[in-house]
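Worksheet: the structure to be examined is printed underneath.
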Amino acid sequence: MVAGLIAALIGLAAGPSAGAAPSAAPAPAAAPTAPAAAAATPPLGHIDVVQINGLIDRIQVDFLRRAVASANKGGAVALIVQLQSGGGVISPTVLHQLNDTIARAPVPVAVWVGPNGAHALGAAYPIFRAAALRGMAPGTRVGKAPAPDPLAGRTLDPGQAVAEGITIAALDQPTLGDFIVNLDGQQVGSGVLHTAAVVQSNGQPRRQPNVAVRFEKLNLVQQLLHTAASPSVAYLMLLIGLLLIALEFFTAGIGIGAVAGTGALILASYGLGALPVRVWALLLIGVAVFGFCIDLQAGVPRVWTALGGLCLLAGSLWLYRGVHPSLLALAAGIAGTPLFMVAGMPAMIRARFSTPTIGRQSLVGEMGVALGPVEPEGTVEIRGAPWRARTNRATPIAGGDRIRVVAIDGLLLEVEPDSGGARDAHH
């Protein structure tokens, strides 16, 4: 009997659900505490868990709304939102509507800021506060809420949040499993959550979750679009798309680079449309790439290269309002773009135009055909490959006409119509 009473007292110390069942009636000394607690536990249910990471955008807002509806329709014990966000790019109206959905949800909604080192700042903090139950992992912080919230200019660690009554009981919640266990016995409205049961482990009673956990995630397309709406990703996709299009232009062809560049620009367009962008800074980045292309055409870095570098620097630093790319993304964009345009691009073009079988100088005197009008510039086909070309003759060359290469000017072939053109010494 003494052993049974000691086990019951230990169960009470473990938490609310640990003390509810064993204290109902004294048990024989040989009877373990865990089966008694398990017998009093309600039938096994399930908890839905969704993860919200990064800046909160419309995709995640819609995802959260669907998760609340799905948890209610599916009969979930609760919906847990694992939150790790430094803010959002949604309007105050949309944020207010989302918070109202969470606060009025028929199913209990709990928000856990984790894992260790995570934070819920800016627009993420009102979502945290809107939940009926809230918890934080060690090393996390919440706050910097939109004005006029008292936490508009400061953040709280887990201990401070407990002291101010923002989170639930002052229990360790380093993992999602611990948070689920700590939800046991919490009152929400007129009901009480049952998420854990007492079991014996190494001769000691302990609590463990007695509910199934179902994780819901964004689908592949939603994840791709959410990633594209990241400030760093949208910025880098913009530069990569512009540089790949420029590369295809100077190599006189439409290939993998053009397709990849178009795809990058599409993703960048979506991301920039969801982010607070300064239009003038976006235009500066376009001017920067155009300036690099002018000097690339001339064959030597000059004033346009310097102007392009300054425009790129200003456009990159002031591209967004309120959010910013990571330092690594800025360094890659600001340093990588001039390096690619001044050193990488000319090297690739020289390799393209100076192979042993198709050296540029060997093309002088070659015959070919105009792939389109050359008036004065266009594209011609020489030895089965497309080349950018220009004619110095007064008469434009029509598409399909036979042409002859008479000279090389930088990256352009100087051509003239076959009829009446001076024949090179090779022929």
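Numbering starts fresh at 1 for the residues of each chain in the structure tokens, the chains themselves are lettered A, B, ... in the order given, and ligands are numbered from 1 as they appear.
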
Per residue of segment 59-129 of chain A within 10 Å of segment 211-217 of chain A, what are the shortest atom pair and its distance in Å to one decimal, counting only C-alpha atoms, with rows by chain and residue number, as JSON lines?
{"residue": "A:Phe63", "atom": "CA", "partner": "A:Lys217", "partner_atom": "CA", "distance": 8.5}
{"residue": "A:Ala67", "atom": "CA", "partner": "A:Glu216", "partner_atom": "CA", "distance": 7.9}
{"residue": "A:Ala76", "atom": "CA", "partner": "A:Arg214", "partner_atom": "CA", "distance": 9.4}
{"residue": "A:Val77", "atom": "CA", "partner": "A:Val211", "partner_atom": "CA", "distance": 8.3}
{"residue": "A:Leu79", "atom": "CA", "partner": "A:Arg214", "partner_atom": "CA", "distance": 9.7}
{"residue": "A:Ile80", "atom": "CA", "partner": "A:Phe215", "partner_atom": "CA", "distance": 9.5}

How about saving the chosen residues, C-alpha atoms kept, as a tab-separated table (two decimals), in the first residue's frame?
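Result file result-v2.tsv:
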chain	number	residue	atom	x	y	z
A	63	PHE	CA	-2.67	27.42	-45.89
A	67	ALA	CA	-5.61	23.88	-41.87
A	76	ALA	CA	-8.72	16.78	-34.49
A	77	VAL	CA	-8.10	17.18	-30.77
A	79	LEU	CA	-4.29	22.17	-34.31
A	80	ILE	CA	-0.66	23.01	-33.53

Write down as an mmCIF file with C-alpha atoms, in the first residue's frame the residues belonging to segment 40-287 of chain A that are assigned strand (DSSP E or B) by DSSP computed on the backbone.
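After the write, selection.cif holds the following:
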data_model
loop_
_atom_site.group_PDB
_atom_site.id
_atom_site.type_symbol
_atom_site.label_atom_id
_atom_site.label_comp_id
_atom_site.auth_asym_id
_atom_site.auth_seq_id
_atom_site.Cartn_x
_atom_site.Cartn_y
_atom_site.Cartn_z
ATOM 1 C CA HIS A 46 -5.165 12.912 -33.390
ATOM 2 C CA ILE A 47 -3.525 16.333 -33.526
ATOM 3 C CA ASP A 48 -2.847 18.207 -36.766
ATOM 4 C CA VAL A 49 0.514 20.020 -37.012
ATOM 5 C CA VAL A 50 1.431 22.658 -39.603
ATOM 6 C CA GLN A 51 4.751 24.433 -39.988
ATOM 7 C CA ILE A 52 5.015 28.127 -40.835
ATOM 8 C CA ASN A 53 8.538 29.252 -41.733
ATOM 9 C CA ILE A 56 4.292 35.116 -43.813
ATOM 10 C CA ALA A 78 -6.190 20.371 -31.558
ATOM 11 C CA LEU A 79 -4.290 22.171 -34.308
ATOM 12 C CA ILE A 80 -0.660 23.005 -33.528
ATOM 13 C CA VAL A 81 1.171 25.675 -35.523
ATOM 14 C CA GLN A 82 4.956 25.378 -35.351
ATOM 15 C CA LEU A 83 5.976 28.977 -35.967
ATOM 16 C CA GLN A 84 9.348 30.369 -37.009
ATOM 17 C CA SER A 85 9.031 33.740 -38.720
ATOM 18 C CA GLY A 88 5.227 39.074 -42.902
ATOM 19 C CA VAL A 109 -5.360 26.181 -31.887
ATOM 20 C CA ALA A 110 -1.958 26.111 -30.170
ATOM 21 C CA VAL A 111 1.177 27.869 -31.419
ATOM 22 C CA TRP A 112 4.648 26.631 -30.522
ATOM 23 C CA VAL A 113 7.646 28.826 -31.402
ATOM 24 C CA HIS A 119 11.466 33.562 -33.272
ATOM 25 C CA ALA A 120 8.030 35.022 -33.916
ATOM 26 C CA LEU A 121 8.493 38.696 -34.681
ATOM 27 C CA LEU A 133 -2.535 28.098 -26.187
ATOM 28 C CA ARG A 134 1.041 29.240 -26.678
ATOM 29 C CA GLY A 135 4.465 27.775 -25.973
ATOM 30 C CA MET A 136 8.127 28.523 -26.684
ATOM 31 C CA ARG A 141 12.042 35.074 -28.722
ATOM 32 C CA VAL A 142 8.740 36.737 -29.551
ATOM 33 C CA GLY A 143 7.776 40.371 -29.969
ATOM 34 C CA THR A 155 11.107 41.015 -27.509
ATOM 35 C CA LEU A 156 10.603 38.392 -24.798
ATOM 36 C CA GLN A 187 -8.643 24.168 -20.459
ATOM 37 C CA VAL A 188 -9.877 25.685 -23.719
ATOM 38 C CA GLY A 191 -13.372 21.715 -22.522
ATOM 39 C CA VAL A 192 -10.102 20.218 -21.318
ATOM 40 C CA ALA A 196 -0.878 12.572 -22.805
ATOM 41 C CA ALA A 197 -1.021 9.485 -20.589
ATOM 42 C CA VAL A 198 1.102 8.239 -17.705
ATOM 43 C CA VAL A 199 3.303 5.218 -18.433
ATOM 44 C CA GLN A 200 6.046 3.442 -16.537
ATOM 45 C CA SER A 201 9.606 4.007 -17.739
ATOM 46 C CA GLN A 204 9.178 5.570 -12.833
ATOM 47 C CA PRO A 205 5.938 7.118 -14.074
ATOM 48 C CA ARG A 206 6.221 9.590 -16.937
ATOM 49 C CA ARG A 207 3.888 11.208 -19.388
ATOM 50 C CA GLN A 208 3.968 10.637 -23.112
ATOM 51 C CA PRO A 209 1.626 11.707 -25.941
ATOM 52 C CA ALA A 212 -1.528 10.543 -33.176
ATOM 53 C CA VAL A 213 0.292 13.432 -34.836
ATOM 54 C CA ARG A 214 -0.522 14.287 -38.456
ATOM 55 C CA PHE A 215 1.736 16.757 -40.259
ATOM 56 C CA GLU A 216 0.367 18.901 -43.082
ATOM 57 C CA VAL A 277 9.545 46.572 -53.802
#

If you run DSSP on this backbone, which residues of segment 166-259 of chain A come out as helix (DSSP H, G or I), and could you give them as a VMD selection string? chain A and resid 176 to 182 220 to 228 231 to 250 256 to 259

Write a file of the just-selected residues containing N, CA and C atoms, as a compact mmCIF listing (two decimals), in the first residue's frame.
# COMPACT_ATOMS: atom_id res chain seq x y z
N LEU A 176 8.67 19.59 -29.99
CA LEU A 176 7.23 19.58 -30.27
C LEU A 176 6.52 18.53 -29.43
N GLY A 177 7.17 17.37 -29.20
CA GLY A 177 6.57 16.34 -28.38
C GLY A 177 6.34 16.81 -26.96
N ASP A 178 7.30 17.55 -26.40
CA ASP A 178 7.12 18.09 -25.05
C ASP A 178 5.96 19.07 -25.00
N PHE A 179 5.82 19.88 -26.05
CA PHE A 179 4.72 20.84 -26.08
C PHE A 179 3.38 20.12 -26.12
N ILE A 180 3.30 19.03 -26.90
CA ILE A 180 2.05 18.26 -26.97
C ILE A 180 1.70 17.69 -25.59
N VAL A 181 2.71 17.16 -24.90
CA VAL A 181 2.47 16.62 -23.56
C VAL A 181 1.99 17.72 -22.62
N ASN A 182 2.60 18.90 -22.71
CA ASN A 182 2.24 19.99 -21.82
C ASN A 182 0.85 20.56 -22.11
N LEU A 220 4.00 21.02 -53.50
CA LEU A 220 5.25 21.39 -54.18
C LEU A 220 5.16 22.76 -54.83
N VAL A 221 4.06 23.05 -55.51
CA VAL A 221 3.91 24.34 -56.18
C VAL A 221 3.85 25.46 -55.15
N GLN A 222 3.10 25.26 -54.07
CA GLN A 222 3.01 26.27 -53.03
C GLN A 222 4.36 26.52 -52.37
N GLN A 223 5.11 25.45 -52.13
CA GLN A 223 6.44 25.62 -51.56
C GLN A 223 7.34 26.42 -52.49
N LEU A 224 7.25 26.14 -53.80
CA LEU A 224 8.08 26.85 -54.78
C LEU A 224 7.74 28.33 -54.79
N LEU A 225 6.44 28.65 -54.80
CA LEU A 225 6.03 30.06 -54.83
C LEU A 225 6.37 30.76 -53.52
N HIS A 226 6.21 30.06 -52.39
CA HIS A 226 6.57 30.66 -51.11
C HIS A 226 8.07 30.94 -51.04
N THR A 227 8.87 30.02 -51.57
CA THR A 227 10.32 30.24 -51.60
C THR A 227 10.67 31.41 -52.51
N ALA A 228 9.98 31.52 -53.64
CA ALA A 228 10.24 32.62 -54.57
C ALA A 228 9.91 33.97 -53.95
N PRO A 231 12.88 37.42 -49.90
CA PRO A 231 13.65 38.55 -50.44
C PRO A 231 14.95 38.12 -51.11
N SER A 232 15.68 37.19 -50.51
CA SER A 232 16.96 36.76 -51.09
C SER A 232 16.75 36.00 -52.38
N VAL A 233 15.78 35.09 -52.40
CA VAL A 233 15.55 34.27 -53.58
C VAL A 233 15.04 35.12 -54.74
N ALA A 234 14.08 36.00 -54.48
CA ALA A 234 13.55 36.86 -55.54
C ALA A 234 14.64 37.74 -56.14
N TYR A 235 15.50 38.27 -55.31
CA TYR A 235 16.60 39.13 -55.77
C TYR A 235 17.58 38.35 -56.64
N LEU A 236 17.98 37.17 -56.18
CA LEU A 236 18.94 36.38 -56.96
C LEU A 236 18.31 35.84 -58.24
N MET A 237 17.03 35.44 -58.20
CA MET A 237 16.36 34.97 -59.40
C MET A 237 16.27 36.07 -60.45
N LEU A 238 16.06 37.31 -60.01
CA LEU A 238 16.02 38.44 -60.94
C LEU A 238 17.36 38.59 -61.66
N LEU A 239 18.45 38.59 -60.90
CA LEU A 239 19.76 38.76 -61.52
C LEU A 239 20.12 37.57 -62.41
N ILE A 240 19.85 36.36 -61.95
CA ILE A 240 20.17 35.17 -62.75
C ILE A 240 19.39 35.19 -64.06
N GLY A 241 18.11 35.55 -63.99
CA GLY A 241 17.31 35.60 -65.21
C GLY A 241 17.83 36.61 -66.20
N LEU A 242 18.17 37.82 -65.73
CA LEU A 242 18.69 38.86 -66.62
C LEU A 242 20.03 38.45 -67.24
N LEU A 243 20.89 37.84 -66.45
CA LEU A 243 22.21 37.46 -66.96
C LEU A 243 22.12 36.32 -67.96
N LEU A 244 21.24 35.37 -67.73
CA LEU A 244 21.09 34.27 -68.68
C LEU A 244 20.50 34.74 -70.01
N ILE A 245 19.55 35.66 -69.95
CA ILE A 245 19.00 36.22 -71.19
C ILE A 245 20.08 36.97 -71.96
N ALA A 246 20.91 37.75 -71.24
CA ALA A 246 22.00 38.47 -71.89
C ALA A 246 23.00 37.51 -72.52
N LEU A 247 23.29 36.41 -71.84
CA LEU A 247 24.22 35.43 -72.39
C LEU A 247 23.69 34.83 -73.68
N GLU A 248 22.40 34.50 -73.71
CA GLU A 248 21.82 33.94 -74.94
C GLU A 248 21.83 34.95 -76.07
N PHE A 249 21.65 36.22 -75.74
CA PHE A 249 21.66 37.24 -76.78
C PHE A 249 23.04 37.35 -77.43
N PHE A 250 24.08 37.33 -76.61
CA PHE A 250 25.42 37.49 -77.16
C PHE A 250 25.96 36.23 -77.81
N ILE A 256 19.09 26.43 -73.79
CA ILE A 256 18.79 26.12 -72.39
C ILE A 256 18.91 27.37 -71.53
N GLY A 257 19.90 28.19 -71.82
CA GLY A 257 20.09 29.41 -71.04
C GLY A 257 18.89 30.33 -71.11
N ALA A 258 18.31 30.49 -72.29
CA ALA A 258 17.15 31.36 -72.45
C ALA A 258 15.95 30.80 -71.71
N VAL A 259 15.75 29.48 -71.79
CA VAL A 259 14.62 28.86 -71.09
C VAL A 259 14.79 28.99 -69.59

Tell me, as an mmCIF file with C-alpha atoms, in the first residue's frame, which residues lie within 9 Å of Ala407 of chain A, counting only C-alpha atoms; anything in the same chain fewer than 2 positions away does not count.
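part-v8.cif written:
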data_model
loop_
_atom_site.group_PDB
_atom_site.id
_atom_site.type_symbol
_atom_site.label_atom_id
_atom_site.label_comp_id
_atom_site.auth_asym_id
_atom_site.auth_seq_id
_atom_site.Cartn_x
_atom_site.Cartn_y
_atom_site.Cartn_z
ATOM 1 C CA GLN A 361 39.106 34.614 -88.476
ATOM 2 C CA LEU A 363 35.034 32.594 -91.186
ATOM 3 C CA VAL A 364 36.174 35.479 -93.405
ATOM 4 C CA GLY A 365 35.140 34.594 -96.938
ATOM 5 C CA VAL A 405 31.524 37.073 -94.471
ATOM 6 C CA ASP A 409 34.162 43.453 -85.845
ATOM 7 C CA LEU A 412 29.834 40.733 -84.998
ATOM 8 C CA LEU A 413 30.390 39.260 -88.429
ATOM 9 C CA GLU A 414 30.515 41.837 -91.224
ATOM 10 C CA VAL A 415 28.563 40.363 -94.146
#

Distance query Arg65 of chain A at most 12 Å, only C-alpha atoms, self and fewer than 5 positions along chain excluded, as a ChimeraX atom specification: /A:50,58-60,70-72,79,81,94-95,97-105,109

At a cut-off of 12 Å, using only C-alpha atoms, what residues contact segment 297-304 of chain A? Leave out same-chain residues fewer than 6 positions from it and give the result as a PDB file with N, CA and C atoms, in the first residue's frame.
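File written: part-v5.pdb
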ATOM      1  N   ALA A 246      20.911  37.748 -71.237  1.00  0.00           N
ATOM      2  CA  ALA A 246      22.004  38.475 -71.890  1.00  0.00           C
ATOM      3  C   ALA A 246      22.999  37.507 -72.519  1.00  0.00           C
ATOM      4  N   LEU A 247      23.291  36.415 -71.837  1.00  0.00           N
ATOM      5  CA  LEU A 247      24.215  35.427 -72.385  1.00  0.00           C
ATOM      6  C   LEU A 247      23.686  34.828 -73.675  1.00  0.00           C
ATOM      7  N   PHE A 249      21.647  36.216 -75.743  1.00  0.00           N
ATOM      8  CA  PHE A 249      21.661  37.244 -76.784  1.00  0.00           C
ATOM      9  C   PHE A 249      23.039  37.353 -77.431  1.00  0.00           C
ATOM     10  N   PHE A 250      24.076  37.326 -76.609  1.00  0.00           N
ATOM     11  CA  PHE A 250      25.422  37.488 -77.160  1.00  0.00           C
ATOM     12  C   PHE A 250      25.959  36.226 -77.809  1.00  0.00           C
ATOM     13  N   THR A 251      25.353  35.088 -77.541  1.00  0.00           N
ATOM     14  CA  THR A 251      25.788  33.868 -78.222  1.00  0.00           C
ATOM     15  C   THR A 251      24.895  33.518 -79.398  1.00  0.00           C
ATOM     16  N   VAL A 287      18.977  48.800 -65.466  1.00  0.00           N
ATOM     17  CA  VAL A 287      19.949  49.698 -66.106  1.00  0.00           C
ATOM     18  C   VAL A 287      21.370  49.172 -65.911  1.00  0.00           C
ATOM     19  N   ALA A 288      21.652  48.597 -64.741  1.00  0.00           N
ATOM     20  CA  ALA A 288      22.991  48.067 -64.463  1.00  0.00           C
ATOM     21  C   ALA A 288      23.355  46.955 -65.440  1.00  0.00           C
ATOM     22  N   VAL A 289      22.461  46.001 -65.633  1.00  0.00           N
ATOM     23  CA  VAL A 289      22.747  44.908 -66.558  1.00  0.00           C
ATOM     24  C   VAL A 289      22.878  45.434 -67.988  1.00  0.00           C
ATOM     25  N   PHE A 290      22.034  46.403 -68.354  1.00  0.00           N
ATOM     26  CA  PHE A 290      22.125  46.995 -69.692  1.00  0.00           C
ATOM     27  C   PHE A 290      23.469  47.695 -69.893  1.00  0.00           C
ATOM     28  N   GLY A 291      23.941  48.398 -68.845  1.00  0.00           N
ATOM     29  CA  GLY A 291      25.232  49.076 -68.954  1.00  0.00           C
ATOM     30  C   GLY A 291      26.374  48.088 -69.142  1.00  0.00           C
ATOM     31  N   LEU A 310      27.533  50.998 -60.078  1.00  0.00           N
ATOM     32  CA  LEU A 310      26.888  51.895 -59.115  1.00  0.00           C
ATOM     33  C   LEU A 310      25.379  51.669 -59.082  1.00  0.00           C
ATOM     34  N   CYS A 311      24.770  51.502 -60.241  1.00  0.00           N
ATOM     35  CA  CYS A 311      23.327  51.254 -60.290  1.00  0.00           C
ATOM     36  C   CYS A 311      22.982  49.925 -59.611  1.00  0.00           C
ATOM     37  N   LEU A 312      23.819  48.922 -59.819  1.00  0.00           N
ATOM     38  CA  LEU A 312      23.574  47.625 -59.193  1.00  0.00           C
ATOM     39  C   LEU A 312      23.667  47.724 -57.677  1.00  0.00           C
ATOM     40  N   PRO A 338      29.009  41.853 -61.677  1.00  0.00           N
ATOM     41  CA  PRO A 338      30.103  42.449 -62.473  1.00  0.00           C
ATOM     42  C   PRO A 338      31.161  41.426 -62.867  1.00  0.00           C
ATOM     43  N   LEU A 339      31.466  40.489 -61.970  1.00  0.00           N
ATOM     44  CA  LEU A 339      32.479  39.489 -62.297  1.00  0.00           C
ATOM     45  C   LEU A 339      32.039  38.642 -63.481  1.00  0.00           C
ATOM     46  N   MET A 341      29.825  39.512 -65.856  1.00  0.00           N
ATOM     47  CA  MET A 341      29.708  40.310 -67.079  1.00  0.00           C
ATOM     48  C   MET A 341      31.065  40.764 -67.613  1.00  0.00           C
ATOM     49  N   VAL A 342      32.019  41.056 -66.734  1.00  0.00           N
ATOM     50  CA  VAL A 342      33.311  41.593 -67.175  1.00  0.00           C
ATOM     51  C   VAL A 342      34.311  40.482 -67.490  1.00  0.00           C
ATOM     52  N   ALA A 343      34.251  39.380 -66.731  1.00  0.00           N
ATOM     53  CA  ALA A 343      35.230  38.318 -66.949  1.00  0.00           C
ATOM     54  C   ALA A 343      34.599  37.033 -67.485  1.00  0.00           C
ATOM     55  N   MET A 345      31.482  36.343 -68.906  1.00  0.00           N
ATOM     56  CA  MET A 345      30.781  36.393 -70.187  1.00  0.00           C
ATOM     57  C   MET A 345      31.736  36.489 -71.376  1.00  0.00           C
ATOM     58  N   PRO A 346      32.737  37.400 -71.389  1.00  0.00           N
ATOM     59  CA  PRO A 346      33.666  37.427 -72.529  1.00  0.00           C
ATOM     60  C   PRO A 346      34.403  36.111 -72.737  1.00  0.00           C
ATOM     61  N   ALA A 347      34.756  35.435 -71.617  1.00  0.00           N
ATOM     62  CA  ALA A 347      35.451  34.159 -71.764  1.00  0.00           C
ATOM     63  C   ALA A 347      34.552  33.125 -72.431  1.00  0.00           C
ATOM     64  N   ILE A 349      32.056  33.746 -74.448  1.00  0.00           N
ATOM     65  CA  ILE A 349      31.842  34.137 -75.850  1.00  0.00           C
ATOM     66  C   ILE A 349      33.063  33.796 -76.698  1.00  0.00           C
ATOM     67  N   ARG A 350      34.248  34.028 -76.141  1.00  0.00           N
ATOM     68  CA  ARG A 350      35.461  33.674 -76.884  1.00  0.00           C
ATOM     69  C   ARG A 350      35.528  32.169 -77.122  1.00  0.00           C
ATOM     70  N   ARG A 388      25.552  36.324 -84.946  1.00  0.00           N
ATOM     71  CA  ARG A 388      25.078  37.701 -85.084  1.00  0.00           C
ATOM     72  C   ARG A 388      25.913  38.387 -86.157  1.00  0.00           C
ATOM     73  N   ASP A 409      34.124  42.219 -86.629  1.00  0.00           N
ATOM     74  CA  ASP A 409      34.162  43.453 -85.845  1.00  0.00           C
ATOM     75  C   ASP A 409      33.693  43.134 -84.423  1.00  0.00           C
ATOM     76  N   GLY A 410      34.667  42.927 -83.521  1.00  0.00           N
ATOM     77  CA  GLY A 410      34.297  42.576 -82.153  1.00  0.00           C
ATOM     78  C   GLY A 410      33.602  41.225 -82.127  1.00  0.00           C
ATOM     79  N   LEU A 411      32.328  41.235 -81.735  1.00  0.00           N
ATOM     80  CA  LEU A 411      31.552  39.999 -81.669  1.00  0.00           C
ATOM     81  C   LEU A 411      30.620  39.850 -82.857  1.00  0.00           C
ATOM     82  N   LEU A 412      30.706  40.758 -83.831  1.00  0.00           N
ATOM     83  CA  LEU A 412      29.834  40.733 -84.998  1.00  0.00           C
ATOM     84  C   LEU A 412      30.584  40.284 -86.242  1.00  0.00           C
TER      85      LEU A 412
END

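Taking atom CA of Arg390 of chain A and atom CA of Met348 of chain A as the two end points, the separation is 21.3 Å.
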
Atomic distance atom CA of Leu283 of chain A - atom CA of Thr379 of chain A, expressed in Å with one decimal: 28.9 Å

Report as a compact mmCIF listing (two decimals) with N, CA, C and O atoms, in the first residue's frame all protein, DNA and RNA residues lying within 12 Å of Glu377 of chain A, evaluated on only C-alpha atoms, omitting residues in the same chain fewer than 5 positions from it.
# COMPACT_ATOMS: atom_id res chain seq x y z
N ALA A 252 24.01 34.44 -79.75
CA ALA A 252 23.21 34.32 -80.99
C ALA A 252 22.44 33.02 -81.07
O ALA A 252 22.52 32.29 -82.04
N ALA A 370 21.13 34.22 -94.63
CA ALA A 370 20.53 35.07 -93.62
C ALA A 370 19.30 34.37 -93.04
O ALA A 370 18.40 33.98 -93.77
N LEU A 371 19.29 34.20 -91.71
CA LEU A 371 18.14 33.57 -91.06
C LEU A 371 16.96 34.51 -90.92
O LEU A 371 15.84 34.08 -90.66
N GLY A 372 17.22 35.77 -91.07
CA GLY A 372 16.18 36.79 -91.02
C GLY A 372 16.73 38.05 -91.66
O GLY A 372 17.88 38.07 -92.13
N TRP A 387 24.94 33.02 -86.13
CA TRP A 387 25.88 34.07 -85.72
C TRP A 387 25.18 35.43 -85.84
O TRP A 387 24.34 35.63 -86.70
N ARG A 388 25.55 36.32 -84.95
CA ARG A 388 25.08 37.70 -85.08
C ARG A 388 25.91 38.39 -86.16
O ARG A 388 27.14 38.24 -86.20
N ALA A 389 25.22 39.15 -87.01
CA ALA A 389 25.91 39.73 -88.16
C ALA A 389 25.40 41.14 -88.42
O ALA A 389 24.34 41.54 -87.96
N ARG A 390 26.20 41.87 -89.21
CA ARG A 390 25.84 43.23 -89.60
C ARG A 390 26.32 43.48 -91.02
O ARG A 390 27.38 42.98 -91.41
N THR A 391 25.53 44.22 -91.79
CA THR A 391 25.94 44.57 -93.15
C THR A 391 26.26 46.06 -93.22
O THR A 391 25.56 46.89 -92.63
N ASN A 392 27.32 46.39 -93.92
CA ASN A 392 27.69 47.79 -94.11
C ASN A 392 27.23 48.33 -95.46
O ASN A 392 27.50 49.47 -95.80
N ARG A 393 26.58 47.47 -96.22
CA ARG A 393 26.11 47.90 -97.52
C ARG A 393 24.82 48.68 -97.38
O ARG A 393 24.07 48.54 -96.41
N PRO A 396 19.74 46.47 -97.58
CA PRO A 396 19.54 45.45 -96.55
C PRO A 396 19.51 44.06 -97.17
O PRO A 396 19.20 43.87 -98.33
N ILE A 397 19.81 43.09 -96.35
CA ILE A 397 19.79 41.69 -96.78
C ILE A 397 18.50 41.07 -96.27
O ILE A 397 18.18 41.15 -95.08
N ALA A 398 17.75 40.43 -97.16
CA ALA A 398 16.48 39.81 -96.77
C ALA A 398 16.72 38.41 -96.22
O ALA A 398 17.75 37.78 -96.51
N GLY A 399 15.78 37.94 -95.43
CA GLY A 399 15.88 36.60 -94.89
C GLY A 399 15.90 35.56 -96.00
O GLY A 399 15.12 35.64 -96.95
N LEU A 412 30.71 40.76 -83.83
CA LEU A 412 29.83 40.73 -85.00
C LEU A 412 30.58 40.28 -86.24
O LEU A 412 31.77 40.58 -86.41
N LEU A 413 29.86 39.58 -87.10
CA LEU A 413 30.39 39.26 -88.43
C LEU A 413 29.92 40.34 -89.39
O LEU A 413 28.74 40.67 -89.44
N GLU A 414 30.88 40.90 -90.16
CA GLU A 414 30.51 41.84 -91.22
C GLU A 414 30.20 41.01 -92.47
O GLU A 414 31.02 40.19 -92.91
N VAL A 415 28.98 41.17 -93.00
CA VAL A 415 28.56 40.36 -94.15
C VAL A 415 28.07 41.27 -95.26
O VAL A 415 27.78 42.46 -95.05
N GLU A 416 27.98 40.69 -96.46
CA GLU A 416 27.42 41.40 -97.61
C GLU A 416 26.70 40.38 -98.48
O GLU A 416 26.94 39.17 -98.36
